[in-house]
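Chemist: Got a structure for you, start_19.csv, holding CSV, C-alpha atoms and all ligand atoms.
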```
chain,number,residue,atom,x,y,z
K,1,MET,CA,0.0,0.0,0.0
K,2,ARG,CA,2.7,2.3,1.0
K,3,SER,CA,4.6,1.8,-2.2
K,4,LYS,CA,1.4,2.5,-4.2
K,5,VAL,CA,1.0,5.9,-2.4
K,6,SER,CA,4.6,6.8,-2.9
K,7,GLU,CA,4.5,5.7,-6.5
K,8,LEU,CA,1.4,8.0,-7.0
K,9,ARG,CA,3.2,10.9,-5.3
K,10,HIS,CA,6.2,10.3,-7.5
K,11,LYS,CA,4.1,10.4,-10.6
K,12,ILE,CA,2.3,13.6,-9.6
K,13,LYS,CA,5.7,15.2,-8.7
K,14,ARG,CA,7.0,14.2,-12.1
K,15,LEU,CA,4.0,15.7,-13.9
K,16,GLU,CA,4.2,18.9,-11.8
K,17,THR,CA,7.8,19.3,-12.8
K,18,LEU,CA,7.0,18.7,-16.4
K,19,ILE,CA,4.2,21.2,-16.4
K,20,ASP,CA,6.2,23.8,-14.5
K,21,THR,CA,9.3,23.5,-16.7
K,22,SER,CA,7.3,23.4,-20.0
K,23,MET,CA,5.4,26.5,-19.0
K,24,VAL,CA,8.5,28.4,-17.8
K,25,PHE,CA,10.9,27.4,-20.6
K,26,SER,CA,8.7,27.5,-23.6
K,27,GLY,CA,6.9,30.6,-22.4
K,28,ILE,CA,3.6,29.2,-23.4
K,29,LEU,CA,1.0,31.8,-22.8
K,30,ASP,CA,-1.7,30.7,-25.1
K,31,ILE,CA,-4.5,28.7,-23.4
K,32,ASP,CA,-4.7,26.1,-26.2
K,33,ASP,CA,-1.0,25.4,-26.3
K,34,LEU,CA,-0.7,25.4,-22.5
K,35,LEU,CA,-3.6,22.9,-22.0
K,36,ASP,CA,-2.4,20.8,-24.9
K,37,THR,CA,1.0,20.4,-23.2
K,38,VAL,CA,-0.6,19.7,-19.8
K,39,MET,CA,-2.9,17.1,-21.3
K,40,GLN,CA,-0.2,15.4,-23.3
K,41,LYS,CA,1.7,14.9,-20.1
K,42,ALA,CA,-1.4,13.7,-18.3
K,43,GLU,CA,-2.1,11.1,-21.1
K,44,GLU,CA,1.5,9.8,-20.8
K,45,VAL,CA,1.2,9.4,-17.0
K,46,MET,CA,-2.3,7.8,-17.3
K,47,GLY,CA,-1.4,5.6,-20.3
K,48,ALA,CA,-4.5,6.9,-22.1
K,49,GLU,CA,-5.2,7.0,-25.8
K,50,ALA,CA,-6.9,10.4,-25.8
K,51,SER,CA,-8.0,13.2,-23.5
K,52,SER,CA,-10.2,16.2,-23.3
K,53,VAL,CA,-10.8,19.3,-21.2
K,54,PHE,CA,-14.2,20.9,-21.0
K,55,ARG,CA,-15.1,24.3,-19.7
K,56,ILE,CA,-18.6,25.1,-18.3
K,57,ASP,CA,-20.6,27.8,-20.1
K,58,GLU,CA,-22.7,29.1,-17.2
K,59,LYS,CA,-25.1,31.0,-19.4
K,60,ARG,CA,-25.9,28.2,-21.8
K,61,ARG,CA,-25.7,25.5,-19.1
K,62,ASP,CA,-23.5,23.3,-21.2
K,63,LEU,CA,-19.9,22.3,-21.7
K,64,TYR,CA,-17.6,23.0,-24.6
K,65,PHE,CA,-14.2,21.5,-25.4
K,66,ILE,CA,-11.2,23.6,-24.8
K,67,THR,CA,-8.8,20.8,-25.6
K,68,ALA,CA,-9.5,17.5,-27.4
K,69,ARG,CA,-6.5,15.4,-28.0
K,70,GLY,CA,-6.4,12.1,-29.9
K,71,GLU,CA,-7.3,11.0,-33.4
K,72,LYS,CA,-10.7,12.5,-33.5
K,73,GLY,CA,-9.9,15.6,-31.4
K,74,LYS,CA,-10.6,18.0,-34.2
K,75,GLU,CA,-14.1,16.7,-34.9
K,76,ALA,CA,-14.9,16.5,-31.2
K,77,LYS,CA,-14.2,20.2,-30.7
K,78,GLU,CA,-17.3,21.2,-32.6
K,79,ILE,CA,-19.6,19.4,-30.1
K,80,ARG,CA,-21.2,20.9,-26.9
K,81,VAL,CA,-22.4,18.7,-24.1
K,82,PRO,CA,-25.5,19.7,-22.0
K,83,MET,CA,-25.0,19.9,-18.2
K,84,GLY,CA,-26.1,16.6,-16.6
K,85,LYS,CA,-25.8,14.7,-19.9
K,86,GLY,CA,-23.3,11.8,-20.3
K,87,ILE,CA,-20.3,11.1,-18.1
K,88,VAL,CA,-18.8,14.6,-18.5
K,89,GLY,CA,-22.2,16.3,-17.8
K,90,TRP,CA,-22.6,14.1,-14.7
K,91,VAL,CA,-19.2,15.0,-13.4
K,92,ALA,CA,-19.8,18.8,-14.0
K,93,GLU,CA,-23.2,18.7,-12.3
K,94,HIS,CA,-22.1,16.6,-9.2
K,95,GLY,CA,-18.6,17.9,-8.9
K,96,LYS,CA,-17.2,14.4,-8.2
K,97,PRO,CA,-14.6,12.3,-10.1
K,98,LEU,CA,-16.0,9.3,-11.9
K,99,LEU,CA,-14.4,6.0,-13.1
K,100,VAL,CA,-16.2,4.2,-15.9
K,101,PRO,CA,-14.2,1.0,-16.6
K,102,ASP,CA,-16.6,0.0,-19.4
K,103,VAL,CA,-18.8,2.6,-20.9
K,104,ARG,CA,-21.3,0.1,-22.4
K,105,LYS,CA,-22.3,-0.9,-18.8
K,106,ASP,CA,-22.9,2.6,-17.6
K,107,ARG,CA,-26.4,4.2,-18.0
K,108,ARG,CA,-24.9,7.7,-17.9
K,109,TRP,CA,-22.9,7.1,-21.0
K,110,PHE,CA,-23.9,9.4,-23.9
K,111,ARG,CA,-22.9,8.1,-27.2
K,112,GLY,CA,-23.6,11.3,-29.1
K,113,VAL,CA,-19.9,12.4,-29.2
K,114,ASP,CA,-18.7,9.0,-30.5
K,115,GLU,CA,-21.4,8.9,-33.1
K,116,LYS,CA,-20.4,12.3,-34.5
K,117,THR,CA,-16.6,11.7,-34.3
K,118,LYS,CA,-16.5,8.0,-35.2
K,119,TRP,CA,-14.3,7.4,-32.2
K,120,VAL,CA,-14.8,4.3,-30.0
K,121,THR,CA,-14.7,5.0,-26.3
K,122,ARG,CA,-14.2,2.0,-24.1
K,123,SER,CA,-13.1,3.3,-20.7
K,124,ILE,CA,-13.2,6.8,-19.1
K,125,VAL,CA,-11.8,8.6,-16.1
K,126,ALA,CA,-13.3,12.1,-15.6
K,127,VAL,CA,-12.6,14.6,-12.9
K,128,PRO,CA,-14.2,18.0,-12.1
K,129,LEU,CA,-11.9,21.0,-12.4
K,130,ILE,CA,-12.4,23.1,-9.3
K,131,ALA,CA,-11.1,26.6,-8.9
K,132,LYS,CA,-11.9,28.7,-5.8
K,133,GLY,CA,-14.4,26.1,-4.7
K,134,LYS,CA,-16.4,26.2,-7.9
K,135,VAL,CA,-16.6,23.6,-10.7
K,136,ILE,CA,-15.3,25.4,-13.8
K,137,GLY,CA,-14.9,22.4,-16.1
K,138,VAL,CA,-14.1,18.7,-16.5
K,139,ALA,CA,-11.0,16.8,-17.6
K,140,GLU,CA,-11.2,13.2,-18.9
K,141,VAL,CA,-8.9,10.6,-20.2
K,142,LEU,CA,-10.2,7.9,-22.6
K,143,ASN,CA,-9.2,4.3,-23.2
K,144,LYS,CA,-6.3,2.9,-21.3
K,145,LYS,CA,-3.6,1.7,-23.8
K,146,GLY,CA,-3.1,-2.0,-24.4
K,147,GLY,CA,-6.8,-2.8,-24.3
K,148,ARG,CA,-6.9,-2.5,-20.5
K,149,LYS,CA,-9.5,-0.8,-18.4
K,150,PHE,CA,-9.0,2.2,-16.1
K,151,ASP,CA,-9.2,1.2,-12.4
K,152,LYS,CA,-9.5,2.8,-9.0
K,153,GLY,CA,-5.7,3.6,-8.9
K,154,ASP,CA,-6.1,5.5,-12.2
K,155,LEU,CA,-9.0,7.4,-10.7
K,156,ASP,CA,-7.0,8.5,-7.7
K,157,LEU,CA,-4.1,9.6,-9.8
K,158,PHE,CA,-6.2,11.5,-12.3
K,159,ALA,CA,-8.2,13.2,-9.4
K,160,ALA,CA,-4.9,14.5,-8.1
K,161,LEU,CA,-3.8,15.6,-11.5
K,162,GLY,CA,-7.2,17.4,-11.8
K,163,ASN,CA,-6.0,20.0,-9.4
K,164,GLN,CA,-3.0,20.8,-11.6
K,165,ILE,CA,-5.2,20.9,-14.7
K,166,ALA,CA,-7.7,23.2,-12.9
K,167,ILE,CA,-4.8,25.5,-11.9
K,168,ALA,CA,-3.6,25.5,-15.5
K,169,VAL,CA,-7.0,26.3,-16.9
K,170,GLU,CA,-7.6,29.0,-14.3
K,171,ASN,CA,-4.1,30.6,-14.8
K,172,ALA,CA,-4.5,30.5,-18.6
K,173,SER,CA,-7.8,32.2,-18.5
K,174,LEU,CA,-6.6,34.8,-16.0
K,175,TYR,CA,-3.6,35.4,-18.2
K,176,SER,CA,-5.7,35.8,-21.3
K,177,ASP,CA,-8.0,38.3,-19.3
K,178,LEU,CA,-4.9,40.1,-18.2
K,179,ASP,CA,-3.5,40.1,-21.7
K,180,ARG,CA,-6.8,41.5,-23.1
K,181,LEU,CA,-6.9,44.1,-20.4
K,182,PHE,CA,-3.3,45.1,-21.1
K,183,LEU,CA,-3.9,45.3,-24.9
K,184,SER,CA,-7.1,47.3,-24.5
K,185,SER,CA,-5.3,49.7,-22.1
K,186,ILE,CA,-2.4,50.4,-24.4
K,187,ARG,CA,-4.9,50.7,-27.3
K,188,ALA,CA,-6.8,53.3,-25.3
K,189,ILE,CA,-3.7,55.3,-24.6
K,190,VAL,CA,-2.6,55.2,-28.2
K,191,GLU,CA,-6.0,56.2,-29.5
K,192,ALA,CA,-5.9,59.2,-27.2
K,193,VAL,CA,-2.5,60.1,-28.8
K,194,ASP,CA,-3.9,59.6,-32.3
K,195,ALA,CA,-6.8,61.8,-31.5
K,196,LYS,CA,-4.5,64.7,-30.7
K,197,ASP,CA,-4.4,65.2,-34.4
K,198,PRO,CA,-7.8,64.8,-36.1
K,199,TYR,CA,-6.0,63.5,-39.2
K,200,THR,CA,-4.5,60.5,-37.5
K,201,ARG,CA,-7.6,59.4,-35.5
K,202,GLY,CA,-7.8,55.6,-35.7
K,203,HIS,CA,-4.3,55.4,-37.4
K,204,SER,CA,-2.7,53.0,-35.0
K,205,GLY,CA,-5.6,50.6,-35.0
K,206,ARG,CA,-5.6,50.4,-38.8
K,207,VAL,CA,-1.8,50.0,-38.9
K,208,VAL,CA,-2.2,47.0,-36.5
K,209,GLU,CA,-4.8,45.5,-38.8
K,210,TYR,CA,-2.6,45.9,-42.0
K,211,ALA,CA,0.5,44.8,-40.2
K,212,LEU,CA,-1.2,41.6,-38.9
K,213,HIS,CA,-2.4,40.8,-42.3
K,214,ILE,CA,1.2,40.8,-43.5
K,215,GLY,CA,2.4,39.1,-40.4
K,216,ARG,CA,-0.1,36.2,-40.7
K,217,ALA,CA,1.1,35.6,-44.2
K,218,VAL,CA,4.7,35.3,-43.3
K,219,THR,CA,4.6,33.5,-39.9
K,220,ARG,CA,2.4,31.3,-37.8
K,221,ASN,CA,4.4,31.9,-34.7
K,222,LYS,CA,2.0,33.3,-32.1
K,223,ASP,CA,4.7,35.1,-30.2
K,224,LYS,CA,5.9,36.9,-33.3
K,225,LEU,CA,2.3,37.9,-34.2
K,226,LYS,CA,1.8,39.3,-30.7
K,227,GLU,CA,5.1,41.2,-31.2
K,228,ILE,CA,3.8,42.6,-34.4
K,229,GLU,CA,0.5,43.6,-32.9
K,230,ILE,CA,2.0,45.4,-29.8
K,231,SER,CA,4.8,47.0,-31.8
K,232,ALA,CA,2.3,48.3,-34.4
K,233,ILE,CA,0.0,49.6,-31.6
K,234,LEU,CA,2.9,51.5,-30.0
K,235,HIS,CA,4.9,52.6,-33.1
K,236,ASP,CA,3.7,56.2,-33.0
K,237,VAL,CA,3.0,56.6,-29.2
K,238,GLY,CA,6.0,59.0,-29.1
K,239,LYS,CA,4.0,61.5,-31.0
K,240,ILE,CA,2.7,62.5,-27.5
K,241,GLY,CA,6.0,64.3,-27.2
K,242,ILE,CA,5.5,66.3,-30.4
K,243,PRO,CA,3.9,69.8,-29.9
K,244,ASP,CA,0.3,70.1,-31.1
K,245,LYS,CA,1.2,73.0,-33.3
K,246,ILE,CA,3.5,70.7,-35.3
K,247,LEU,CA,1.2,67.7,-35.3
K,248,GLY,CA,-1.9,69.5,-36.3
K,249,LYS,CA,-0.2,72.1,-38.6
K,250,PRO,CA,-2.5,72.6,-41.7
K,251,GLY,CA,0.4,73.2,-44.1
K,252,ARG,CA,3.7,71.5,-44.9
K,253,LEU,CA,6.2,71.4,-42.0
K,254,THR,CA,9.3,73.6,-42.1
K,255,ARG,CA,12.7,71.8,-42.2
K,256,ARG,CA,13.1,72.3,-38.4
K,257,GLU,CA,9.6,71.1,-37.7
K,258,GLN,CA,10.2,68.1,-39.9
K,259,LYS,CA,13.4,67.2,-38.1
K,260,TYR,CA,11.6,67.4,-34.8
K,261,MET,CA,8.7,65.3,-36.1
K,262,GLU,CA,11.3,62.7,-37.2
K,263,ARG,CA,12.2,62.2,-33.6
K,264,HIS,CA,8.9,60.5,-32.8
K,265,PRO,CA,10.3,56.9,-33.2
K,266,GLU,CA,12.9,57.7,-30.6
K,267,PHE,CA,10.2,59.1,-28.3
K,268,SER,CA,8.1,56.0,-28.8
K,269,ALA,CA,11.1,53.7,-28.0
K,270,ALA,CA,11.9,55.7,-24.9
K,271,ILE,CA,8.3,55.3,-23.6
K,272,VAL,CA,8.5,51.5,-24.1
K,273,GLU,CA,12.1,51.2,-22.6
K,274,PRO,CA,11.2,51.1,-18.9
K,275,ILE,CA,8.6,48.4,-19.4
K,276,GLU,CA,10.6,45.2,-19.2
K,277,LEU,CA,8.1,43.0,-21.0
K,278,LEU,CA,8.1,45.4,-23.9
K,279,ARG,CA,11.8,46.2,-24.1
K,280,LYS,CA,12.4,43.7,-26.8
K,281,LEU,CA,10.0,45.5,-29.1
K,282,MET,CA,12.0,48.8,-28.9
K,283,LYS,CA,13.9,48.0,-32.1
K,284,ASN,CA,10.7,47.4,-34.1
K,285,ILE,CA,9.3,50.7,-32.9
K,286,LEU,CA,12.6,52.8,-33.2
K,287,HIS,CA,13.1,51.7,-36.8
K,288,HIS,CA,9.7,51.9,-38.4
K,289,HIS,CA,10.8,54.9,-40.6
K,290,GLU,CA,14.0,53.3,-41.9
K,291,ARG,CA,14.2,52.7,-45.7
K,292,MET,CA,15.6,49.7,-47.5
K,293,ASP,CA,18.3,51.9,-49.3
K,294,GLY,CA,19.5,53.3,-45.9
K,295,SER,CA,18.0,56.8,-46.4
K,296,GLY,CA,15.5,56.6,-43.6
K,297,TYR,CA,15.7,57.7,-40.0
K,298,PRO,CA,16.8,57.6,-37.2
K,299,ASP,CA,19.8,55.4,-37.9
K,300,GLY,CA,19.9,55.0,-41.7
K,301,LEU,CA,19.7,51.2,-41.4
K,302,LYS,CA,19.8,49.3,-44.7
K,303,GLY,CA,17.9,46.2,-46.0
K,304,LYS,CA,17.7,43.2,-43.6
K,305,LYS,CA,19.5,45.3,-40.9
K,306,ILE,CA,16.1,46.8,-40.4
K,307,PRO,CA,14.1,44.4,-38.1
K,308,LEU,CA,11.4,42.4,-39.9
K,309,VAL,CA,8.6,43.8,-37.7
K,310,ALA,CA,9.8,47.4,-38.4
K,311,ARG,CA,9.7,46.7,-42.2
K,312,ILE,CA,6.2,45.4,-41.8
K,313,ILE,CA,5.0,48.4,-39.8
K,314,CYS,CA,6.6,50.7,-42.3
K,315,ILE,CA,4.5,49.4,-45.1
K,316,ALA,CA,1.3,49.3,-43.0
K,317,ASP,CA,2.0,52.8,-41.8
K,318,ALA,CA,2.7,54.3,-45.3
K,319,PHE,CA,-0.4,52.6,-46.7
K,320,ASP,CA,-2.6,54.1,-44.0
K,321,ALA,CA,-1.0,57.5,-44.3
K,322,MET,CA,-1.7,57.5,-48.1
K,323,THR,CA,-5.2,56.4,-47.8
K,324,THR,CA,-6.3,58.9,-45.2
K,325,ASP,CA,-6.8,62.7,-45.7
K,326,ARG,CA,-4.0,65.0,-44.6
K,327,PRO,CA,-4.3,68.8,-44.0
K,328,TYR,CA,-2.3,69.4,-47.2
K,329,ARG,CA,-3.6,66.7,-49.4
K,330,LYS,CA,-6.6,64.5,-50.1
K,331,ARG,CA,-6.3,60.7,-49.6
K,332,LYS,CA,-5.3,58.4,-52.4
K,333,SER,CA,-7.4,55.4,-53.4
K,334,ALA,CA,-6.3,52.0,-52.2
K,335,ARG,CA,-5.2,51.0,-55.7
K,336,THR,CA,-3.1,54.1,-56.1
K,337,ALA,CA,-1.5,53.6,-52.7
K,338,LEU,CA,-0.7,50.0,-53.5
K,339,ARG,CA,0.9,51.2,-56.8
K,340,GLU,CA,3.0,53.7,-54.8
K,341,LEU,CA,4.2,51.0,-52.4
K,342,LYS,CA,5.2,48.9,-55.4
K,343,ARG,CA,7.0,51.9,-57.0
K,344,HIS,CA,9.1,52.3,-53.9
K,345,CYS,CA,10.0,48.7,-53.5
K,346,GLY,CA,13.7,48.1,-52.8
K,347,THR,CA,14.4,51.8,-52.1
K,348,GLN,CA,11.8,52.5,-49.3
K,349,PHE,CA,10.0,49.2,-48.7
K,350,ASP,CA,10.9,45.5,-48.6
K,351,THR,CA,9.8,44.1,-51.9
K,352,ARG,CA,8.8,40.7,-50.6
K,353,LEU,CA,6.6,42.2,-47.9
K,354,VAL,CA,5.0,44.6,-50.3
K,355,ASN,CA,4.1,41.7,-52.5
K,356,VAL,CA,2.6,39.9,-49.6
K,357,PHE,CA,0.6,42.9,-48.6
K,358,ILE,CA,-0.8,43.4,-52.2
K,359,ASN,CA,-1.6,39.7,-52.3
K,360,GLU,CA,-3.4,39.9,-48.9
K,361,PHE,CA,-5.2,43.0,-49.9
K,362,SER,CA,-6.7,41.5,-53.0
K,363,LYS,CA,-7.6,38.3,-51.1
K,364,ASN,CA,-9.3,40.1,-48.1
K,365,ARG,CA,-10.3,43.4,-49.7
K,366,LEU,CA,-9.0,45.4,-46.8
K,367,SER,CA,-10.1,49.0,-46.8
R,401,FE,FE,5.6,57.0,-37.4
```
Could I get this structure in the form of structure tokens?

Modeler:
Amino acid sequence: MRSKVSELRHKIKRLETLIDTSMVFSGILDIDDLLDTVMQKAEEVMGAEASSVFRIDEKRRDLYFITARGEKGKEAKEIRVPMGKGIVGWVAEHGKPLLVPDVRKDRRWFRGVDEKTKWVTRSIVAVPLIAKGKVIGVAEVLNKKGGRKFDKGDLDLFAALGNQIAIAVENASLYSDLDRLFLSSIRAIVEAVDAKDPYTRGHSGRVVEYALHIGRAVTRNKDKLKEIEISAILHDVGKIGIPDKILGKPGRLTRREQKYMERHPEFSAAIVEPIELLRKLMKNILHHHERMDGSGYPDGLKGKKIPLVARIICIADAFDAMTTDRPYRKRKSARTALRELKRHCGTQFDTRLVNVFINEFSKNRLS
């Protein structure tokens, strides 16, 4: 008995370590990636063929998949399970773990998911996910490998792992709330800066949209896309340091005013610098007015020396500037603006990225 308990402890410890290290080292901040990693480890420890995590939708009184691993995971994700229905619905309603060694012998078994996914469930262990005393979801493992059935030992082990999974679910959703809050706060600050000049109202928001269209076409890396999004939001935040009489001047700027205006990327970078999490974005922001031929500012960087994200923002920024009215000129049509981008490929803009943008534009009809 003693050895069984210590074996269990050992397994839990091992899983905890795996979860901790994978979260810390890979910097997984996305709820899907995080849970997928956690459940992959849970499957290994439990010797299961597949696993799922459900979250309760309080309003609809049902459960939806947030993770569905295994062969039919993709199909399963479309399905919602009513509260009280099936094994998962029972666990959600009663807040108790449940061992079902053979699903065909359990009256609670709801075959709807299997019918839709063509998966064959034999054996299940399901546990409630409890955070702050409340059931927030259910985790389950399906079919013990090697044709065996789950037993009481598996139930105890998975019930213990359930606490870890609940913490992961809760942390991930707290993180995503925080992330949303953070993004909406910096957006609000930037919108206030944009609004200082009636001609740039909404500018940063549109630049984010265009930059992300280019970004999604060149990378699938979520961290890189987040980097593009935040850098694009903040690229012009330094305009807060430019006097209103220069920003809102109805005519062309004098040389001196122009020189001053050209300092805004430095001001933007200086605003970001003290925020440790954003420091790595400084270079993207500082260099968004560099040109491929080295004639841009502030450092006259050339070609690939200009960070990729800065080259993306540069295109998005120029396109938005051309397609909105300015005090001294009317806006250009999207077609004309795209032609302008093309004309300055290689000198001002990165040719490959302009082509990507034009391609995305015709595909998605951005406007
Ligand atoms: Fe700018």

Chemist: Just how far from CA of Ala50 in chain K is CA of Gly70 in chain K, in Å to one decimal?

Modeler: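 About the pair CA of Gly70 in chain K and CA of Ala50 in chain K: they are 4.5 Å apart.
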
Chemist: Neighbours of ligand FE 401 (chain R) within 12 Å, counting all atoms listed in the file, as a ChimeraX atom specification?

Modeler: /K:194,200,203-204,207,231-240,242,247,261-269,284-290,296-298,310,313-321

Chemist: May I have the residues within 12 Å of Cys345 in chain K as a list of chain:residue names, using all atoms listed in the file and disregarding those fewer than 6 positions away in the same chain?

Modeler: K:Arg291, K:Met292, K:Asp293, K:Gly303, K:Arg311, K:Cys314, K:Ile315, K:Leu338, K:Arg339, K:Thr351, K:Arg352, K:Leu353, K:Val354, K:Asn355

Chemist: For CA of Arg187 in chain K and CA of Gly205 in chain K, quote the distance in Å rounded to one decimal.

Modeler: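 Computing it gives 7.7 Å between the two atoms.
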
Chemist: Have a look at K:Leu155, K:Leu277, K:Leu34, K:Ile228 and name the one nearest to Gly215 in chain K; count only C-alpha atoms.

Modeler: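 Of K:Leu155, K:Leu277, K:Leu34, K:Ile228, the one nearest Gly215 in chain K is K:Ile228, counting only C-alpha atoms.
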
Chemist: Between CA of Pro101 in chain K and CA of Arg122 in chain K, what is the distance, to one decimal in Å?

Modeler: 7.6 Å

Chemist: Around the point (-4.4, 9.0, -12.9), in the coordinates given by the file, pick out the residues reaching within 12 Å, counting only C-alpha atoms, and return them as a PyMOL selection string.

Modeler: chain K and resi 7-12+15+39+41-48+51+97-99+124-127+139-142+144+150-164

Chemist: Which residues, written as a PyMOL selection string, have at least one atom at most 12 Å from Arg107 in chain K, with all atoms listed in the file counted and residues fewer than 4 positions away on the same chain left out?

Modeler: chain K and resi 85-87+90+100+102-103+111

Chemist: Rank nothing, just name the residue among K:Phe110, K:Ser295, K:Val169, K:Ile214 nearest to Val38 in chain K, using all atoms listed in the file.

Modeler: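 Residue with the minimum atom-to-atom distance to Val38 in chain K: K:Val169.
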
Chemist: Using only C-alpha atoms, pick whichever of K:Leu35, K:Glu49, K:His94, K:Lys59 has the shortest atom-to-atom distance to Asn171 in chain K.

Modeler: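 Under the stated criterion, the closest residue is K:Leu35.
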
Chemist: Counting all atoms listed in the file, write as a ChimeraX atom specification all protein and nucleic acid residues lying at most 12 Å from (-15.2, 17.2, -28.2) in the file's frame.

Modeler: /K:50-55,63-81,88,111-119,138-140,142

Chemist: Nearest residue to Lys196 in chain K out of K:Gly95, K:Gly89, K:Gly241, K:Pro82, using only C-alpha atoms?

Modeler: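 Of K:Gly95, K:Gly89, K:Gly241, K:Pro82, the one nearest Lys196 in chain K, counting only C-alpha atoms, is K:Gly241.
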